[in-house]
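So this one's model-v9.cif, mmCIF, C-alpha atoms and all ligand atoms:
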data_upload
#
loop_
_atom_site.label_atom_id
_atom_site.label_comp_id
_atom_site.auth_asym_id
_atom_site.auth_seq_id
_atom_site.Cartn_x
_atom_site.Cartn_y
_atom_site.Cartn_z
CA MET J 26 21.90 -11.51 19.98
CA THR J 27 19.06 -10.43 17.66
CA GLU J 28 17.12 -7.43 18.97
CA PRO J 29 13.39 -7.87 19.64
CA PHE J 30 11.21 -6.92 16.66
CA ALA J 31 9.55 -4.13 18.67
CA VAL J 32 12.94 -2.44 19.12
CA GLN J 33 13.79 -2.84 15.44
CA ARG J 34 10.36 -1.46 14.50
CA ALA J 35 10.72 1.63 16.71
CA ARG J 36 14.14 2.34 15.21
CA MET J 37 12.77 1.89 11.68
CA VAL J 38 10.12 4.53 12.42
CA GLU J 39 12.66 7.03 13.78
CA ARG J 40 15.55 6.53 11.35
CA GLN J 41 13.88 5.50 8.09
CA LEU J 42 10.65 7.49 8.34
CA ARG J 43 10.70 10.48 10.75
CA ALA J 44 14.33 11.40 9.99
CA ARG J 45 13.53 11.40 6.27
CA GLY J 46 10.59 13.75 6.52
CA ILE J 47 7.49 11.67 7.25
CA ARG J 48 5.50 14.07 9.47
CA SER J 49 2.08 12.49 9.93
CA GLU J 50 1.92 11.25 13.53
CA PRO J 51 -0.97 8.84 12.78
CA VAL J 52 1.09 7.27 9.94
CA LEU J 53 4.20 7.02 12.15
CA GLU J 54 2.11 5.53 14.94
CA ALA J 55 0.44 2.98 12.65
CA MET J 56 3.78 1.87 11.23
CA GLY J 57 5.13 1.65 14.77
CA GLU J 58 2.37 -0.83 15.58
CA VAL J 59 2.09 -3.16 12.57
CA PRO J 60 4.38 -6.21 12.98
CA ARG J 61 6.04 -6.21 9.55
CA GLU J 62 7.82 -9.47 10.40
CA ARG J 63 4.45 -11.26 10.18
CA PHE J 64 4.10 -10.30 6.52
CA VAL J 65 7.53 -11.30 5.19
CA PRO J 66 8.40 -14.92 4.30
CA PRO J 67 9.86 -16.85 7.29
CA ASP J 68 13.37 -16.98 5.78
CA GLN J 69 13.33 -13.16 5.57
CA HIS J 70 12.24 -12.46 9.18
CA HIS J 71 15.66 -11.13 10.15
CA LEU J 72 15.38 -8.55 7.32
CA ALA J 73 11.86 -7.37 8.19
CA TYR J 74 12.93 -3.88 9.33
CA ARG J 75 15.65 -3.26 6.74
CA ASP J 76 15.37 -0.15 4.59
CA GLN J 77 14.39 -2.09 1.46
CA ALA J 78 11.68 -3.96 -0.40
CA LEU J 79 11.68 -7.73 0.18
CA PRO J 80 10.69 -10.61 -2.11
CA LEU J 81 7.35 -12.38 -1.73
CA SER J 82 6.34 -15.49 -3.66
CA ARG J 83 5.37 -15.35 -7.36
CA GLY J 84 7.94 -12.65 -8.20
CA GLN J 85 6.12 -10.00 -6.12
CA THR J 86 7.48 -7.72 -3.39
CA ILE J 87 6.58 -6.15 -0.06
CA SER J 88 7.42 -2.47 -0.50
CA GLN J 89 10.18 -0.60 1.37
CA PRO J 90 8.80 0.85 4.65
CA TYR J 91 9.68 4.40 3.58
CA MET J 92 7.67 3.99 0.35
CA VAL J 93 4.71 2.62 2.34
CA ALA J 94 4.94 5.71 4.58
CA ILE J 95 5.18 8.19 1.68
CA MET J 96 2.19 6.67 -0.08
CA THR J 97 0.10 6.41 3.07
CA GLU J 98 0.88 9.98 4.14
CA ALA J 99 -0.03 11.28 0.68
CA LEU J 100 -3.52 9.76 1.01
CA GLN J 101 -4.25 12.16 3.92
CA LEU J 102 -6.64 9.67 5.50
CA ARG J 103 -9.32 10.62 7.99
CA PRO J 104 -10.72 8.08 10.47
CA GLY J 105 -14.07 7.79 8.67
CA ASP J 106 -12.58 7.20 5.20
CA ARG J 107 -13.29 4.23 2.94
CA VAL J 108 -10.14 3.17 1.11
CA LEU J 109 -9.52 0.98 -1.93
CA GLU J 110 -6.11 -0.67 -2.23
CA ILE J 111 -5.02 -2.35 -5.46
CA GLY J 112 -2.29 -4.97 -4.93
CA THR J 113 -2.74 -6.61 -1.53
CA GLY J 114 0.56 -8.51 -1.84
CA SER J 115 1.62 -9.54 1.67
CA GLY J 116 -1.15 -7.49 3.33
CA TYR J 117 1.34 -5.25 5.20
CA GLN J 118 0.18 -2.01 3.59
CA THR J 119 -3.43 -3.12 4.15
CA ALA J 120 -2.78 -3.52 7.88
CA VAL J 121 -1.32 0.01 8.02
CA LEU J 122 -4.38 1.41 6.21
CA CYS J 123 -6.72 -0.47 8.56
CA ARG J 124 -5.34 1.57 11.49
CA LEU J 125 -6.03 4.88 9.74
CA ALA J 126 -9.37 4.45 7.97
CA ALA J 127 -12.86 3.10 8.68
CA GLU J 128 -12.94 0.48 5.92
CA VAL J 129 -10.27 -0.92 3.63
CA PHE J 130 -11.15 -2.80 0.43
CA THR J 131 -8.15 -4.57 -1.05
CA VAL J 132 -7.83 -6.38 -4.39
CA GLU J 133 -5.10 -8.86 -5.40
CA ARG J 134 -4.85 -10.74 -8.70
CA ILE J 135 -2.79 -13.69 -7.36
CA PRO J 136 -5.07 -15.96 -5.29
CA ALA J 137 -2.26 -17.49 -3.17
CA LEU J 138 -1.03 -14.05 -2.06
CA ALA J 139 -4.57 -12.89 -1.30
CA ALA J 140 -5.20 -16.01 0.81
CA GLY J 141 -1.98 -15.57 2.79
CA ALA J 142 -2.65 -11.89 3.41
CA GLN J 143 -6.25 -12.52 4.45
CA GLU J 144 -5.12 -15.09 7.01
CA ILE J 145 -2.57 -12.78 8.65
CA LEU J 146 -4.95 -9.80 8.63
CA ARG J 147 -7.53 -11.97 10.40
CA GLU J 148 -4.97 -13.15 12.96
CA LEU J 149 -3.98 -9.53 13.66
CA GLY J 150 -7.60 -8.48 14.14
CA CYS J 151 -7.87 -6.18 11.10
CA ALA J 152 -11.65 -6.60 11.06
CA ASN J 153 -12.21 -3.54 8.83
CA ALA J 154 -10.40 -5.10 5.82
CA ARG J 155 -12.23 -6.82 2.99
CA CYS J 156 -10.22 -8.80 0.44
CA LEU J 157 -11.10 -9.66 -3.15
CA VAL J 158 -9.26 -11.72 -5.75
CA GLY J 159 -9.50 -10.11 -9.18
CA ASP J 160 -8.34 -7.42 -11.56
CA GLY J 161 -7.94 -4.28 -9.48
CA THR J 162 -7.54 -2.05 -12.55
CA LEU J 163 -11.34 -2.21 -12.70
CA GLY J 164 -11.64 -1.14 -9.06
CA TRP J 165 -14.45 -2.47 -6.85
CA PRO J 166 -17.57 -0.97 -8.50
CA ASP J 167 -20.05 -2.45 -6.01
CA GLU J 168 -18.36 -0.60 -3.13
CA ALA J 169 -17.47 2.67 -4.95
CA PRO J 170 -16.99 5.56 -4.46
CA PHE J 171 -13.87 5.70 -2.26
CA ASP J 172 -12.31 8.58 -0.32
CA ALA J 173 -8.87 7.27 -1.18
CA ILE J 174 -7.36 4.78 -3.63
CA LEU J 175 -3.85 3.37 -3.30
CA VAL J 176 -2.29 1.42 -6.16
CA THR J 177 0.82 -0.53 -5.13
CA ALA J 178 1.94 -1.66 -8.60
CA GLY J 179 3.20 0.36 -11.57
CA ALA J 180 0.65 1.34 -14.23
CA PRO J 181 1.35 2.51 -17.82
CA ALA J 182 -1.38 5.17 -17.33
CA ILE J 183 -4.05 6.01 -14.78
CA PRO J 184 -6.85 3.42 -15.12
CA GLU J 185 -10.05 5.34 -15.90
CA SER J 186 -12.15 2.93 -13.84
CA LEU J 187 -10.13 3.90 -10.76
CA SER J 188 -10.35 7.67 -11.17
CA ALA J 189 -14.09 7.29 -11.75
CA GLN J 190 -14.42 5.52 -8.38
CA LEU J 191 -13.03 8.47 -6.36
CA THR J 192 -15.36 10.74 -4.40
CA VAL J 193 -15.12 14.47 -5.11
CA GLY J 194 -12.22 15.46 -2.86
CA GLY J 195 -10.93 11.88 -3.01
CA ARG J 196 -7.19 11.17 -3.33
CA MET J 197 -5.46 8.50 -5.40
CA VAL J 198 -1.77 7.60 -5.13
CA ILE J 199 -0.41 5.53 -8.01
CA PRO J 200 2.96 4.81 -9.67
CA VAL J 201 2.66 5.62 -13.39
CA GLY J 202 5.22 5.15 -16.16
CA PRO J 203 7.29 2.55 -18.02
CA MET J 204 7.92 -0.90 -16.52
CA GLN J 205 11.45 -0.03 -15.33
CA GLU J 206 10.69 3.20 -13.44
CA GLN J 207 7.59 5.20 -12.64
CA ASP J 208 6.57 8.54 -11.14
CA LEU J 209 4.52 8.42 -7.99
CA LEU J 210 1.42 10.49 -8.76
CA ARG J 211 -1.10 11.96 -6.33
CA ILE J 212 -4.43 12.66 -8.00
CA VAL J 213 -7.26 14.59 -6.37
CA ARG J 214 -10.78 14.57 -7.80
CA THR J 215 -12.24 18.09 -7.87
CA GLU J 216 -15.75 19.37 -8.70
CA THR J 217 -14.66 19.87 -12.30
CA GLY J 218 -11.98 17.23 -12.97
CA TYR J 219 -8.71 15.98 -11.50
CA SER J 220 -5.54 17.67 -10.27
CA THR J 221 -2.22 15.80 -10.41
CA GLN J 222 0.97 16.20 -8.36
CA ASP J 223 4.22 14.32 -9.05
CA LEU J 224 5.75 13.02 -5.79
CA GLY J 225 8.93 11.74 -7.45
CA PRO J 226 10.45 8.64 -9.02
CA CYS J 227 9.74 5.13 -7.79
CA ARG J 228 10.01 1.54 -8.92
CA PHE J 229 7.22 -1.01 -8.59
CA VAL J 230 6.31 -4.41 -10.03
CA PRO J 231 3.85 -4.05 -12.94
CA LEU J 232 0.12 -3.54 -12.54
CA ILE J 233 -1.32 -6.28 -14.76
CA GLY J 234 -4.88 -6.13 -15.97
CA GLU J 235 -7.49 -4.90 -18.43
CA GLU J 236 -6.62 -1.21 -17.87
CA ALA J 237 -2.86 -1.66 -17.36
CA TRP J 238 -0.10 -3.99 -18.66
CA PRO J 239 -1.12 -7.23 -20.41
CA ALA J 240 -0.53 -10.52 -18.56
N1 LIG R 1 1.14 -3.53 -0.82
C1 LIG R 1 1.83 -4.79 -0.87
C2 LIG R 1 2.44 -5.15 0.45
O1 LIG R 1 2.38 -4.36 1.41
O2 LIG R 1 2.96 -6.27 0.55
C3 LIG R 1 2.87 -4.84 -1.94
C4 LIG R 1 2.26 -5.02 -3.25
S1 LIG R 1 3.32 -5.58 -4.52
C5 LIG R 1 4.47 -4.28 -4.71
C6 LIG R 1 2.17 -5.33 -5.89
C7 LIG R 1 1.02 -6.31 -5.90
O3 LIG R 1 0.10 -5.91 -6.92
C8 LIG R 1 1.43 -7.75 -6.24
O4 LIG R 1 1.02 -8.60 -5.22
C9 LIG R 1 0.70 -8.02 -7.55
O5 LIG R 1 0.28 -9.36 -7.70
C10 LIG R 1 -0.48 -7.08 -7.44
N2 LIG R 1 -1.16 -6.74 -8.70
C11 LIG R 1 -0.62 -6.47 -9.90
N3 LIG R 1 -1.59 -6.19 -10.80
C12 LIG R 1 -2.78 -6.27 -10.13
C13 LIG R 1 -4.15 -6.08 -10.49
N4 LIG R 1 -4.54 -5.75 -11.73
N5 LIG R 1 -5.08 -6.25 -9.54
C14 LIG R 1 -4.74 -6.59 -8.27
N6 LIG R 1 -3.48 -6.78 -7.88
C15 LIG R 1 -2.50 -6.62 -8.78
#
Transcribe the structure of this file into structure tokens.
Amino acid sequence: MTEPFAVQRARMVERQLRARGIRSEPVLEAMGEVPRERFVPPDQHHLAYRDQALPLSRGQTISQPYMVAIMTEALQLRPGDRVLEIGTGSGYQTAVLCRLAAEVFTVERIPALAAGAQEILRELGCANARCLVGDGTLGWPDEAPFDAILVTAGAPAIPESLSAQLTVGGRMVIPVGPMQEQDLLRIVRTETGYSTQDLGPCRFVPLIGEEAWPA
């Protein structure tokens, strides 16, 4: 018999996240609450809590839970923060961010994915999420600056428009490097510039747009 999703979710948090070094209780709690099965295609429901990325439509992916946790923890969110996410995809990461920040602004370039995500986020009561269809490499200038920016697709370099939309003290987490493999970078805006920390290798679908890879 298939175990209830809540049981699978609790085990995912313990074995895939806490046991591997995710320490932030708010992040563990948020990921213990968000029903990942709602964000994966129906024929993948039974794989929702596997330790892997899963395919979405249009050649895109919903990231591995552990990667979602690493990226979210690295943002060091506070409850009053305003967050910009680039690459809504399924909306799963957005739902996690919504539990940890005051407002979440999320941009997706593929209209069908954005529409699907928006619908599920509404059904789950994520009232602090705002969704936009467009080129996220340009950020969301009308709502800038942001306390945190999360980019969930791989960029050839850090888009200048995004770093410019961070508050002083703001954190950005972004995969940067060639199409095949990137480094996960954590950038902090300081009074005088930016500091960068390399969190390790990762592999994401490409960030496509004016300040990233061409379409
Ligand atoms: N965070 C998502 C989730 O939880 O399902 C996974 C995102 S998927 C790895 C990367 C997403 O970035 C894709 O949906 C892709 O269409 C989107 N993307 C790529 N380039 C983009 C851009 N310039 N602006 C907005 N979205 C972009």
What does the list of residues within 7 Å of ligand LIG 1 (chain R) look like if you count all atoms listed in the file, written as a PyMOL selection string? chain J and resi 85-88+111-119+132-135+138+159-162+177-178+229-234
Would you list the contacts of stretch 180-194 of chain J as an NGL selection string, taking every protein, DNA or RNA residue within 10 Å and counting all atoms listed in the file, but skipping same-chain residues closer than 5 positions in sequence? :J and (108-109 or 111 or 161-166 or 168-175 or 199-204 or 207-208 or 210 or 212-219 or 229-238)
Rank J:Ile47, J:Ala140, J:Ala73, J:Leu102 by their smallest atom-to-atom distance to J:Val198, using only C-alpha atoms, and report the top residue only.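 Distance minimum relative to J:Val198 lands on J:Leu102.
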For J:Asn153, find every residue with an atom within 7 Å (counting only C-alpha atoms), except residues of its own chain fewer than 2 positions away, and show them as a list in words.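 Close residues of J:Asn153: Cys123, Ala127, Glu128, Val129, Cys151 and Arg155 of chain J.
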Name the closest residue to J:Ile145 among the candidates J:Glu62, J:Glu39, J:Asp68, J:Glu50; distances are taken between atoms, counting only C-alpha atoms. J:Glu62
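In this structure, atom CA of J:Ile95 sits 10.6 Å away from atom CA of J:Leu53.
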Report the distance between atom CA of J:Ala99 and atom CA of J:Val59 in Å, rounded to one decimal place.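 Straight-line distance from atom CA of J:Ala99 to atom CA of J:Val59 works out to 18.8 Å.
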Nearest to J:Asp106 by atom-to-atom distance, counting only C-alpha atoms, from J:Arg83, J:Arg228, J:Arg36, J:Arg196: J:Arg196
What does the distance between atom CA of J:His71 and atom CA of J:Leu209 come to in Å, to one decimal place?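 Taking atom CA of J:His71 and atom CA of J:Leu209, their separation equals 28.9 Å.
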